[in-house]
>>> print(open('work.tsv').read())   # TSV, N, CA and C atoms and all ligand atoms
chain	number	residue	atom	x	y	z
C	68	MET	N	-8.15	43.95	-51.72
C	68	MET	CA	-9.41	43.30	-52.11
C	68	MET	C	-9.33	42.85	-53.57
C	69	HIS	N	-9.30	41.60	-53.74
C	69	HIS	CA	-9.20	40.91	-55.01
C	69	HIS	C	-10.37	41.26	-55.94
C	70	GLU	N	-11.57	41.42	-55.38
C	70	GLU	CA	-12.76	41.72	-56.16
C	70	GLU	C	-12.69	43.11	-56.83
C	71	LEU	N	-12.03	44.06	-56.15
C	71	LEU	CA	-11.94	45.41	-56.69
C	71	LEU	C	-11.10	45.45	-57.96
C	72	SER	N	-9.94	44.78	-57.95
C	72	SER	CA	-9.10	44.78	-59.15
C	72	SER	C	-9.78	44.00	-60.27
C	73	LEU	N	-10.53	42.98	-59.90
C	73	LEU	CA	-11.28	42.21	-60.89
C	73	LEU	C	-12.37	43.07	-61.52
C	74	ALA	N	-13.08	43.82	-60.68
C	74	ALA	CA	-14.14	44.71	-61.17
C	74	ALA	C	-13.57	45.76	-62.11
C	75	GLU	N	-12.39	46.28	-61.75
C	75	GLU	CA	-11.74	47.29	-62.60
C	75	GLU	C	-11.36	46.70	-63.95
C	76	ALA	N	-10.86	45.47	-63.94
C	76	ALA	CA	-10.46	44.81	-65.19
C	76	ALA	C	-11.68	44.55	-66.08
C	77	ILE	N	-12.77	44.10	-65.48
C	77	ILE	CA	-14.00	43.83	-66.23
C	77	ILE	C	-14.54	45.13	-66.82
C	78	ASN	N	-14.57	46.16	-65.98
C	78	ASN	CA	-15.08	47.44	-66.42
C	78	ASN	C	-14.27	48.01	-67.59
C	79	LYS	N	-12.95	47.82	-67.52
C	79	LYS	CA	-12.08	48.33	-68.58
C	79	LYS	C	-12.33	47.57	-69.89
C	80	THR	N	-12.48	46.25	-69.78
C	80	THR	CA	-12.75	45.43	-70.97
C	80	THR	C	-14.03	45.90	-71.65
C	81	ILE	N	-15.07	46.13	-70.83
C	81	ILE	CA	-16.36	46.56	-71.37
C	81	ILE	C	-16.26	47.96	-71.97
C	82	LYS	N	-15.54	48.82	-71.29
C	82	LYS	CA	-15.37	50.19	-71.76
C	82	LYS	C	-14.68	50.22	-73.13
C	83	ASP	N	-13.60	49.44	-73.25
C	83	ASP	CA	-12.87	49.37	-74.52
C	83	ASP	C	-13.74	48.84	-75.64
C	84	LEU	N	-14.52	47.81	-75.30
C	84	LEU	CA	-15.41	47.18	-76.27
C	84	LEU	C	-16.45	48.19	-76.75
C	85	CYS	N	-16.99	48.97	-75.82
C	85	CYS	CA	-18.01	49.96	-76.14
C	85	CYS	C	-17.44	51.11	-76.96
C	86	GLU	N	-16.20	51.49	-76.64
C	86	GLU	CA	-15.57	52.57	-77.40
C	86	GLU	C	-15.35	52.14	-78.85
C	87	ARG	N	-14.88	50.91	-79.05
C	87	ARG	CA	-14.63	50.40	-80.40
C	87	ARG	C	-15.92	50.30	-81.20
C	88	SER	N	-17.03	49.96	-80.53
C	88	SER	CA	-18.28	49.73	-81.23
C	88	SER	C	-19.25	50.91	-81.15
C	89	ALA	N	-18.81	51.99	-80.50
C	89	ALA	CA	-19.64	53.18	-80.32
C	89	ALA	C	-20.96	52.88	-79.62
C	90	TRP	N	-20.89	52.06	-78.58
C	90	TRP	CA	-22.08	51.79	-77.77
C	90	TRP	C	-22.08	52.77	-76.60
C	91	ALA	N	-23.23	53.39	-76.38
C	91	ALA	CA	-23.29	54.46	-75.37
C	91	ALA	C	-23.64	53.96	-73.97
C	92	ARG	N	-24.43	52.89	-73.89
C	92	ARG	CA	-24.89	52.47	-72.57
C	92	ARG	C	-25.07	50.96	-72.47
C	93	VAL	N	-24.52	50.41	-71.43
C	93	VAL	CA	-24.65	48.97	-71.19
C	93	VAL	C	-25.80	48.75	-70.21
C	94	ARG	N	-26.72	47.85	-70.57
C	94	ARG	CA	-27.88	47.58	-69.72
C	94	ARG	C	-27.66	46.40	-68.79
C	95	ARG	N	-27.00	45.36	-69.33
C	95	ARG	CA	-26.92	44.12	-68.57
C	95	ARG	C	-25.64	43.37	-68.91
C	96	ILE	N	-25.02	42.83	-67.88
C	96	ILE	CA	-23.78	42.08	-68.06
C	96	ILE	C	-23.93	40.76	-67.31
C	97	VAL	N	-23.61	39.67	-67.98
C	97	VAL	CA	-23.62	38.38	-67.31
C	97	VAL	C	-22.19	37.85	-67.28
C	98	LEU	N	-21.70	37.59	-66.07
C	98	LEU	CA	-20.35	37.07	-65.91
C	98	LEU	C	-20.40	35.60	-65.53
C	99	LYS	N	-19.41	34.87	-66.00
C	99	LYS	CA	-19.28	33.46	-65.67
C	99	LYS	C	-18.00	33.33	-64.85
C	100	ILE	N	-18.14	32.90	-63.60
C	100	ILE	CA	-16.96	32.81	-62.74
C	100	ILE	C	-16.87	31.45	-62.07
C	101	GLY	N	-15.76	30.78	-62.30
C	101	GLY	CA	-15.53	29.47	-61.71
C	101	GLY	C	-15.17	29.57	-60.23
C	102	HIS	N	-15.50	28.53	-59.48
C	102	HIS	CA	-15.27	28.52	-58.04
C	102	HIS	C	-13.78	28.61	-57.68
C	103	MET	N	-12.91	28.13	-58.58
C	103	MET	CA	-11.46	28.19	-58.36
C	103	MET	C	-10.97	29.63	-58.23
C	104	ARG	N	-11.71	30.56	-58.79
C	104	ARG	CA	-11.31	31.97	-58.78
C	104	ARG	C	-11.50	32.62	-57.41
C	105	GLN	N	-12.23	31.93	-56.54
C	105	GLN	CA	-12.47	32.41	-55.17
C	105	GLN	C	-12.98	33.85	-55.12
C	106	VAL	N	-13.99	34.12	-55.93
C	106	VAL	CA	-14.58	35.44	-55.99
C	106	VAL	C	-15.87	35.45	-55.17
C	107	ASP	N	-16.04	36.48	-54.37
C	107	ASP	CA	-17.28	36.67	-53.63
C	107	ASP	C	-18.22	37.50	-54.52
C	108	PRO	N	-19.32	36.90	-55.01
C	108	PRO	CA	-20.20	37.60	-55.95
C	108	PRO	C	-20.76	38.92	-55.41
C	109	GLU	N	-21.08	38.94	-54.12
C	109	GLU	CA	-21.62	40.17	-53.53
C	109	GLU	C	-20.60	41.28	-53.52
C	110	LEU	N	-19.38	40.92	-53.14
C	110	LEU	CA	-18.30	41.90	-53.12
C	110	LEU	C	-17.99	42.39	-54.52
C	111	LEU	N	-18.03	41.47	-55.48
C	111	LEU	CA	-17.73	41.84	-56.86
C	111	LEU	C	-18.81	42.78	-57.40
C	112	SER	N	-20.08	42.50	-57.13
C	112	SER	CA	-21.17	43.37	-57.57
C	112	SER	C	-21.02	44.77	-56.98
C	113	PHE	N	-20.70	44.78	-55.70
C	113	PHE	CA	-20.52	46.06	-55.01
C	113	PHE	C	-19.36	46.84	-55.63
C	114	ALA	N	-18.24	46.17	-55.81
C	114	ALA	CA	-17.04	46.80	-56.39
C	114	ALA	C	-17.32	47.29	-57.81
C	115	PHE	N	-18.09	46.49	-58.55
C	115	PHE	CA	-18.38	46.87	-59.93
C	115	PHE	C	-19.24	48.14	-59.98
C	116	ASN	N	-20.23	48.23	-59.09
C	116	ASN	CA	-21.05	49.43	-59.01
C	116	ASN	C	-20.21	50.68	-58.76
C	117	VAL	N	-19.20	50.50	-57.92
C	117	VAL	CA	-18.32	51.62	-57.59
C	117	VAL	C	-17.48	52.02	-58.80
C	118	VAL	N	-16.82	51.06	-59.45
C	118	VAL	CA	-15.91	51.41	-60.56
C	118	VAL	C	-16.67	51.81	-61.83
C	119	ALA	N	-17.94	51.37	-61.94
C	119	ALA	CA	-18.71	51.66	-63.16
C	119	ALA	C	-19.30	53.07	-63.15
C	120	LYS	N	-19.24	53.72	-61.99
C	120	LYS	CA	-19.79	55.09	-61.89
C	120	LYS	C	-19.15	56.00	-62.92
C	121	GLY	N	-19.99	56.70	-63.68
C	121	GLY	CA	-19.47	57.64	-64.66
C	121	GLY	C	-18.99	57.01	-65.96
C	122	THR	N	-19.17	55.68	-66.09
C	122	THR	CA	-18.77	55.00	-67.33
C	122	THR	C	-20.03	54.47	-68.05
C	123	VAL	N	-19.82	53.85	-69.20
C	123	VAL	CA	-20.94	53.29	-69.98
C	123	VAL	C	-21.70	52.21	-69.20
C	124	SER	N	-21.03	51.63	-68.21
C	124	SER	CA	-21.65	50.53	-67.45
C	124	SER	C	-22.39	51.00	-66.20
C	125	GLU	N	-22.43	52.30	-65.98
C	125	GLU	CA	-23.13	52.81	-64.81
C	125	GLU	C	-24.59	52.35	-64.87
C	126	ASP	N	-25.11	51.85	-63.74
C	126	ASP	CA	-26.48	51.36	-63.61
C	126	ASP	C	-26.77	50.08	-64.41
C	127	ALA	N	-25.74	49.46	-64.96
C	127	ALA	CA	-25.95	48.18	-65.65
C	127	ALA	C	-26.28	47.10	-64.62
C	128	GLU	N	-27.13	46.19	-65.02
C	128	GLU	CA	-27.48	45.08	-64.13
C	128	GLU	C	-26.41	43.99	-64.29
C	129	LEU	N	-25.79	43.63	-63.19
C	129	LEU	CA	-24.72	42.64	-63.24
C	129	LEU	C	-25.20	41.30	-62.67
C	130	SER	N	-25.14	40.27	-63.48
C	130	SER	CA	-25.48	38.93	-62.99
C	130	SER	C	-24.22	38.08	-62.99
C	131	ILE	N	-24.07	37.28	-61.97
C	131	ILE	CA	-22.89	36.43	-61.86
C	131	ILE	C	-23.30	34.97	-61.81
C	132	LEU	N	-22.81	34.21	-62.77
C	132	LEU	CA	-23.06	32.77	-62.79
C	132	LEU	C	-21.85	32.09	-62.17
C	133	GLU	N	-22.08	31.39	-61.06
C	133	GLU	CA	-20.96	30.70	-60.42
C	133	GLU	C	-20.91	29.26	-60.89
C	134	LEU	N	-19.73	28.86	-61.34
C	134	LEU	CA	-19.59	27.49	-61.84
C	134	LEU	C	-18.79	26.66	-60.86
C	135	PRO	N	-19.28	25.47	-60.55
C	135	PRO	CA	-18.59	24.62	-59.58
C	135	PRO	C	-17.30	24.04	-60.14
C	136	ILE	N	-16.47	23.55	-59.23
C	136	ILE	CA	-15.24	22.88	-59.65
C	136	ILE	C	-15.59	21.43	-60.02
C	137	VAL	N	-15.27	21.04	-61.23
C	137	VAL	CA	-15.51	19.66	-61.65
C	137	VAL	C	-14.24	19.11	-62.31
C	138	PHE	N	-13.79	17.96	-61.81
C	138	PHE	CA	-12.63	17.26	-62.38
C	138	PHE	C	-13.07	16.01	-63.09
C	139	LYS	N	-12.25	15.58	-64.05
C	139	LYS	CA	-12.41	14.25	-64.60
C	139	LYS	C	-11.12	13.50	-64.27
C	140	CYS	N	-11.30	12.29	-63.72
C	140	CYS	CA	-10.14	11.47	-63.39
C	140	CYS	C	-9.79	10.60	-64.60
C	141	HIS	N	-8.55	10.67	-65.07
C	141	HIS	CA	-8.15	9.88	-66.24
C	141	HIS	C	-7.89	8.42	-65.88
C	142	ALA	N	-7.63	8.16	-64.58
C	142	ALA	CA	-7.34	6.79	-64.16
C	142	ALA	C	-8.62	5.95	-64.06
C	143	CYS	N	-9.66	6.49	-63.40
C	143	CYS	CA	-10.87	5.69	-63.21
C	143	CYS	C	-12.07	6.23	-64.01
C	144	GLY	N	-11.87	7.38	-64.66
C	144	GLY	CA	-12.92	7.90	-65.54
C	144	GLY	C	-14.05	8.62	-64.84
C	145	LYS	N	-13.99	8.73	-63.53
C	145	LYS	CA	-15.06	9.39	-62.77
C	145	LYS	C	-14.99	10.91	-62.91
C	146	LYS	N	-16.17	11.51	-62.86
C	146	LYS	CA	-16.24	12.97	-62.79
C	146	LYS	C	-16.45	13.34	-61.35
C	147	ILE	N	-15.65	14.27	-60.84
C	147	ILE	CA	-15.71	14.62	-59.43
C	147	ILE	C	-16.00	16.10	-59.26
C	148	GLY	N	-17.06	16.39	-58.53
C	148	GLY	CA	-17.35	17.77	-58.14
C	148	GLY	C	-16.64	18.01	-56.84
C	149	SER	N	-15.96	19.13	-56.72
C	149	SER	CA	-15.17	19.34	-55.52
C	149	SER	C	-15.27	20.76	-54.99
C	150	GLU	N	-15.38	20.89	-53.69
C	150	GLU	CA	-15.34	22.20	-53.05
C	150	GLU	C	-13.90	22.51	-52.70
C	151	ALA	N	-13.15	21.47	-52.37
C	151	ALA	CA	-11.75	21.63	-52.01
C	151	ALA	C	-10.93	21.79	-53.29
C	152	MET	N	-9.82	22.52	-53.19
C	152	MET	CA	-9.01	22.75	-54.37
C	152	MET	C	-7.86	21.76	-54.42
C	153	THR	N	-8.19	20.49	-54.34
C	153	THR	CA	-7.17	19.47	-54.41
C	153	THR	C	-7.27	18.76	-55.76
C	154	PHE	N	-6.12	18.51	-56.35
C	154	PHE	CA	-6.10	17.87	-57.66
C	154	PHE	C	-5.86	16.37	-57.53
C	155	ILE	N	-6.64	15.75	-56.65
C	155	ILE	CA	-6.52	14.31	-56.43
C	155	ILE	C	-7.91	13.68	-56.55
C	156	CYS	N	-8.02	12.57	-57.24
C	156	CYS	CA	-9.29	11.86	-57.34
C	156	CYS	C	-9.64	11.29	-55.97
C	157	GLN	N	-10.81	11.66	-55.45
C	157	GLN	CA	-11.20	11.19	-54.12
C	157	GLN	C	-11.61	9.71	-54.16
C	158	ASP	N	-11.78	9.19	-55.35
C	158	ASP	CA	-12.24	7.82	-55.50
C	158	ASP	C	-11.09	6.83	-55.57
C	159	CYS	N	-10.10	7.10	-56.44
C	159	CYS	CA	-9.00	6.14	-56.60
C	159	CYS	C	-7.65	6.71	-56.18
C	160	GLY	N	-7.60	8.00	-55.82
C	160	GLY	CA	-6.35	8.58	-55.32
C	160	GLY	C	-5.40	9.03	-56.42
C	161	SER	N	-5.80	8.89	-57.68
C	161	SER	CA	-4.93	9.30	-58.78
C	161	SER	C	-4.82	10.82	-58.85
C	162	THR	N	-3.64	11.28	-59.30
C	162	THR	CA	-3.47	12.72	-59.50
C	162	THR	C	-3.57	13.05	-60.99
C	163	ASP	N	-3.89	12.04	-61.80
C	163	ASP	CA	-4.04	12.24	-63.24
C	163	ASP	C	-5.46	12.73	-63.52
C	164	VAL	N	-5.71	13.98	-63.13
C	164	VAL	CA	-7.06	14.54	-63.28
C	164	VAL	C	-7.02	15.78	-64.17
C	165	GLU	N	-8.18	16.04	-64.77
C	165	GLU	CA	-8.29	17.18	-65.68
C	165	GLU	C	-9.41	18.07	-65.18
C	166	LEU	N	-9.17	19.36	-65.14
C	166	LEU	CA	-10.19	20.31	-64.69
C	166	LEU	C	-11.17	20.58	-65.82
C	167	LEU	N	-12.45	20.28	-65.60
C	167	LEU	CA	-13.46	20.51	-66.63
C	167	LEU	C	-14.13	21.87	-66.45
C	168	SER	N	-14.30	22.26	-65.22
C	168	SER	CA	-14.99	23.50	-64.92
C	168	SER	C	-14.47	24.06	-63.61
C	169	GLY	N	-14.49	25.39	-63.48
C	169	GLY	CA	-14.09	26.01	-62.22
C	169	GLY	C	-13.10	27.15	-62.39
C	170	MET	N	-12.45	27.22	-63.58
C	170	MET	CA	-11.46	28.27	-63.82
C	170	MET	C	-12.02	29.42	-64.68
C	171	GLU	N	-13.31	29.39	-64.96
C	171	GLU	CA	-13.90	30.40	-65.83
C	171	GLU	C	-13.80	31.81	-65.25
C	172	LEU	N	-13.59	32.73	-66.12
C	172	LEU	CA	-13.63	34.14	-65.73
C	172	LEU	C	-13.88	34.92	-67.02
C	173	THR	N	-15.14	34.93	-67.44
C	173	THR	CA	-15.45	35.52	-68.74
C	173	THR	C	-16.76	36.31	-68.69
C	174	ILE	N	-16.92	37.18	-69.67
C	174	ILE	CA	-18.19	37.86	-69.85
C	174	ILE	C	-19.03	36.93	-70.73
C	175	GLU	N	-20.05	36.37	-70.14
C	175	GLU	CA	-20.89	35.38	-70.82
C	175	GLU	C	-21.78	36.07	-71.86
C	176	SER	N	-22.41	37.18	-71.46
C	176	SER	CA	-23.23	37.93	-72.41
C	176	SER	C	-23.39	39.37	-71.94
C	177	MET	N	-23.82	40.18	-72.86
C	177	MET	CA	-23.92	41.61	-72.58
C	177	MET	C	-25.04	42.20	-73.40
C	178	GLU	N	-25.80	43.10	-72.77
C	178	GLU	CA	-26.89	43.75	-73.47
C	178	GLU	C	-26.62	45.24	-73.49
C	179	VAL	N	-26.65	45.81	-74.69
C	179	VAL	CA	-26.35	47.22	-74.87
C	179	VAL	C	-27.53	47.90	-75.51
C	180	GLU	N	-28.06	48.90	-74.85
C	180	GLU	CA	-29.19	49.66	-75.43
C	180	GLU	C	-30.27	48.73	-75.97
C	181	GLY	N	-30.61	47.72	-75.19
C	181	GLY	CA	-31.69	46.82	-75.58
C	181	GLY	C	-31.32	45.74	-76.58
C	182	ARG	N	-30.06	45.70	-77.00
C	182	ARG	CA	-29.64	44.66	-77.95
C	182	ARG	C	-28.67	43.70	-77.27
C	183	GLN	N	-28.77	42.44	-77.63
C	183	GLN	CA	-27.83	41.43	-77.17
C	183	GLN	C	-26.61	41.52	-78.05
C	184	VAL	N	-25.45	41.84	-77.48
C	184	VAL	CA	-24.27	42.02	-78.33
C	184	VAL	C	-23.21	40.94	-78.13
C	185	LEU	N	-23.36	40.18	-77.07
C	185	LEU	CA	-22.36	39.12	-76.83
C	185	LEU	C	-23.08	37.83	-76.51
C	201	ZN	ZN	-10.05	8.26	-60.10
>>> encode(input="work.tsv", output="structure tokens", more="lines below")
Ligand SMILES: [Zn+2]
Amino acid sequence: MHELSLAEAINKTIKDLCERSAWARVRRIVLKIGHMRQVDPELLSFAFNVVAKGTVSEDAELSILELPIVFKCHACGKKIGSEAMTFICQDCGSTDVELLSGMELTIESMEVEGRQVL
């Protein structure tokens, strides 16, 4: 399960951050995850609840912002939103495209003991 290892990695990042800053309890975590990452938000929330048990993130509210896949085509200049993971412009067929959004995997913000810290 891909979501479990992801939850473990996120939890470890937060734990390390809290240890360095001497934060005792995390209240809220907002994650930004691009569609290219193929993460199931429900599974990730569930996995996070499991791995966060007994850590600073236990009982933290986890919100997941899902970002769509968006390409920009360098040949025709169009911006393309895509569900499929193909790197081809559906308009002109060019493969000279740039990914604008969809690969995100970051902690967007975090609230610790009532304070916004990220
Ligand atoms: Zn194009």
>>> atom_distance(input="work.tsv", atom1="atom CA of Arg94 of chain C", atom2="atom CA of Ser72 of chain C")
21.7 Å
>>> select_by_dssp(input="work.tsv", residues="segment 95-142 of chain C", states="helix (DSSP H, G or I)", output="list in words")
His102, Met103, Arg104, Pro108, Glu109, Leu110, Leu111, Ser112, Phe113, Ala114, Phe115, Asn116, Val117, Val118 and Ala119 of chain C
>>> closest_residue(input="work.tsv", among="C:Arg182, C:Arg92, C:Lys79, C:Lys145", to="Val123 of chain C", atoms="all atoms listed in the file")
C:Arg92
>>> closest_residue(input="work.tsv", among="C:Ile81, C:Leu71, C:Ala127, C:Leu132", to="Leu111 of chain C", atoms="all atoms listed in the file")
C:Leu71
>>> atom_distance(input="work.tsv", atom1="atom CA of Arg104 of chain C", atom2="atom CA of Glu171 of chain C")
7.7 Å
>>> select_by_dssp(input="work.tsv", residues="chain C", states="strand (DSSP E or B)", output="ChimeraX atom specification")
/C:93-101,128-134,136-140,146-149,164-168,172-179,182-183
>>> atom_distance(input="work.tsv", atom1="atom CA of Gln183 of chain C", atom2="atom CA of Ile131 of chain C")
16.8 Å
>>> closest_residue(input="work.tsv", among="C:Leu129, C:Leu98, C:Val117, C:Ile77", to="Ile174 of chain C", atoms="all atoms listed in the file")
C:Leu98
>>> closest_atom_pairs(input="work.tsv", of="chain C", to="ligand ZN 201 (chain C)", cutoff="7 Å", atoms="all atoms listed in the file", output="Markdown table")
| residue | atom | partner | partner_atom | distance |
| --- | --- | --- | --- | --- |
| C:Lys139 | C | C:ZN201 | ZN | 6.8 |
| C:Cys140 | CA | C:ZN201 | ZN | 4.6 |
| C:His141 | N | C:ZN201 | ZN | 5.7 |
| C:Ala142 | C | C:ZN201 | ZN | 4.8 |
| C:Cys143 | N | C:ZN201 | ZN | 3.8 |
| C:Gly144 | N | C:ZN201 | ZN | 5.0 |
| C:Lys145 | N | C:ZN201 | ZN | 5.2 |
| C:Ile155 | C | C:ZN201 | ZN | 6.8 |
| C:Cys156 | CA | C:ZN201 | ZN | 4.6 |
| C:Gln157 | N | C:ZN201 | ZN | 5.8 |
| C:Asp158 | C | C:ZN201 | ZN | 4.9 |
| C:Cys159 | N | C:ZN201 | ZN | 3.8 |
| C:Gly160 | N | C:ZN201 | ZN | 4.9 |
| C:Ser161 | N | C:ZN201 | ZN | 4.9 |
>>> closest_residue(input="work.tsv", among="C:Asp163, C:Lys99, C:Pro135, C:Val106", to="Glu175 of chain C", atoms="all atoms listed in the file")
C:Lys99
>>> residues_around(input="work.tsv", residues="Ser168 of chain C", least_positions_apart="3", cutoff="6.5 Å", atoms="all atoms listed in the file", output="PDB file with N, CA and C atoms, in the frame of the given file")
ATOM      1  N   GLY C 101     -15.760  30.780 -62.300  1.00  0.00           N
ATOM      2  CA  GLY C 101     -15.530  29.470 -61.710  1.00  0.00           C
ATOM      3  C   GLY C 101     -15.170  29.570 -60.230  1.00  0.00           C
ATOM      4  N   HIS C 102     -15.500  28.530 -59.480  1.00  0.00           N
ATOM      5  CA  HIS C 102     -15.270  28.520 -58.040  1.00  0.00           C
ATOM      6  C   HIS C 102     -13.780  28.610 -57.680  1.00  0.00           C
ATOM      7  N   LEU C 134     -19.730  28.860 -61.340  1.00  0.00           N
ATOM      8  CA  LEU C 134     -19.590  27.490 -61.840  1.00  0.00           C
ATOM      9  C   LEU C 134     -18.790  26.660 -60.860  1.00  0.00           C
ATOM     10  N   PRO C 135     -19.280  25.470 -60.550  1.00  0.00           N
ATOM     11  CA  PRO C 135     -18.590  24.620 -59.580  1.00  0.00           C
ATOM     12  C   PRO C 135     -17.300  24.040 -60.140  1.00  0.00           C
ATOM     13  N   ILE C 136     -16.470  23.550 -59.230  1.00  0.00           N
ATOM     14  CA  ILE C 136     -15.240  22.880 -59.650  1.00  0.00           C
ATOM     15  C   ILE C 136     -15.590  21.430 -60.020  1.00  0.00           C
ATOM     16  N   VAL C 137     -15.270  21.040 -61.230  1.00  0.00           N
ATOM     17  CA  VAL C 137     -15.510  19.660 -61.650  1.00  0.00           C
ATOM     18  C   VAL C 137     -14.240  19.110 -62.310  1.00  0.00           C
ATOM     19  N   PHE C 138     -13.790  17.960 -61.810  1.00  0.00           N
ATOM     20  CA  PHE C 138     -12.630  17.260 -62.380  1.00  0.00           C
ATOM     21  C   PHE C 138     -13.070  16.010 -63.090  1.00  0.00           C
ATOM     22  N   GLU C 165      -8.180  16.040 -64.770  1.00  0.00           N
ATOM     23  CA  GLU C 165      -8.290  17.180 -65.680  1.00  0.00           C
ATOM     24  C   GLU C 165      -9.410  18.070 -65.180  1.00  0.00           C
ATOM     25  N   GLU C 171     -13.310  29.390 -64.960  1.00  0.00           N
ATOM     26  CA  GLU C 171     -13.900  30.400 -65.830  1.00  0.00           C
ATOM     27  C   GLU C 171     -13.800  31.810 -65.250  1.00  0.00           C
TER      28      GLU C 171
END
>>> closest_residue(input="work.tsv", among="C:Leu110, C:Ile96, C:Leu84, C:Ala89", to="Glu70 of chain C", atoms="only N, CA and C atoms")
C:Leu110
>>> closest_residue(input="work.tsv", among="C:Gly148, C:Gln105, C:His69, C:Ser124", to="Glu86 of chain C", atoms="only C-alpha atoms")
C:Ser124
>>> decode(input="work.tsv", residues="segment 123-179 of chain C", atoms="C-alpha atoms", output="compact mmCIF listing (two decimals), in the first residue's frame")
# COMPACT_ATOMS: atom_id res chain seq x y z
CA VAL C 123 2.85 14.51 18.26
CA SER C 124 0.42 14.21 15.34
CA GLU C 125 -2.04 11.94 17.12
CA ASP C 126 -5.59 13.35 16.71
CA ALA C 127 -4.36 16.04 14.30
CA GLU C 128 -6.88 17.04 11.67
CA LEU C 129 -5.54 16.12 8.25
CA SER C 130 -6.77 17.97 5.18
CA ILE C 131 -5.72 16.97 1.69
CA LEU C 132 -5.78 19.40 -1.21
CA GLU C 133 -5.80 17.52 -4.50
CA LEU C 134 -4.28 19.35 -7.42
CA PRO C 135 -5.22 18.47 -10.99
CA ILE C 136 -2.75 17.66 -13.73
CA VAL C 137 -2.18 20.73 -15.89
CA PHE C 138 0.23 20.93 -18.85
CA LYS C 139 1.34 23.84 -20.95
CA CYS C 140 2.05 23.07 -24.58
CA HIS C 141 5.12 24.93 -25.89
CA ALA C 142 4.12 24.37 -29.52
CA CYS C 143 0.62 25.89 -29.48
CA GLY C 144 0.68 27.64 -26.10
CA LYS C 145 -2.48 25.96 -24.81
CA LYS C 146 -2.94 24.94 -21.21
CA ILE C 147 -4.31 21.43 -20.93
CA GLY C 148 -5.98 19.87 -17.92
CA SER C 149 -5.62 16.13 -18.09
CA GLU C 150 -6.86 13.08 -16.22
CA ALA C 151 -4.71 10.80 -18.34
CA MET C 152 -0.99 10.71 -17.66
CA THR C 153 0.07 11.31 -21.22
CA PHE C 154 2.64 13.93 -22.07
CA ILE C 155 1.12 14.82 -25.42
CA CYS C 156 -0.84 17.96 -26.32
CA GLN C 157 -4.37 16.80 -27.15
CA ASP C 158 -4.80 19.85 -29.35
CA CYS C 159 -1.80 19.84 -31.70
CA GLY C 160 -0.15 16.48 -30.88
CA SER C 161 3.13 18.04 -29.76
CA THR C 162 5.17 16.33 -27.05
CA ASP C 163 6.88 19.62 -26.18
CA VAL C 164 4.82 20.10 -23.03
CA GLU C 165 5.61 21.31 -19.55
CA LEU C 166 3.93 20.10 -16.38
CA LEU C 167 2.53 23.06 -14.43
CA SER C 168 0.69 21.19 -11.73
CA GLY C 169 0.10 17.61 -10.63
CA MET C 170 3.44 16.50 -9.12
CA GLU C 171 2.98 18.24 -5.77
CA LEU C 172 3.62 16.36 -2.58
CA THR C 173 4.16 18.87 0.18
CA ILE C 174 2.95 20.00 3.57
CA GLU C 175 1.08 23.16 2.65
CA SER C 176 0.51 24.35 6.21
CA MET C 177 0.54 23.16 9.77
CA GLU C 178 -1.00 24.32 13.00
CA VAL C 179 0.71 23.54 16.29
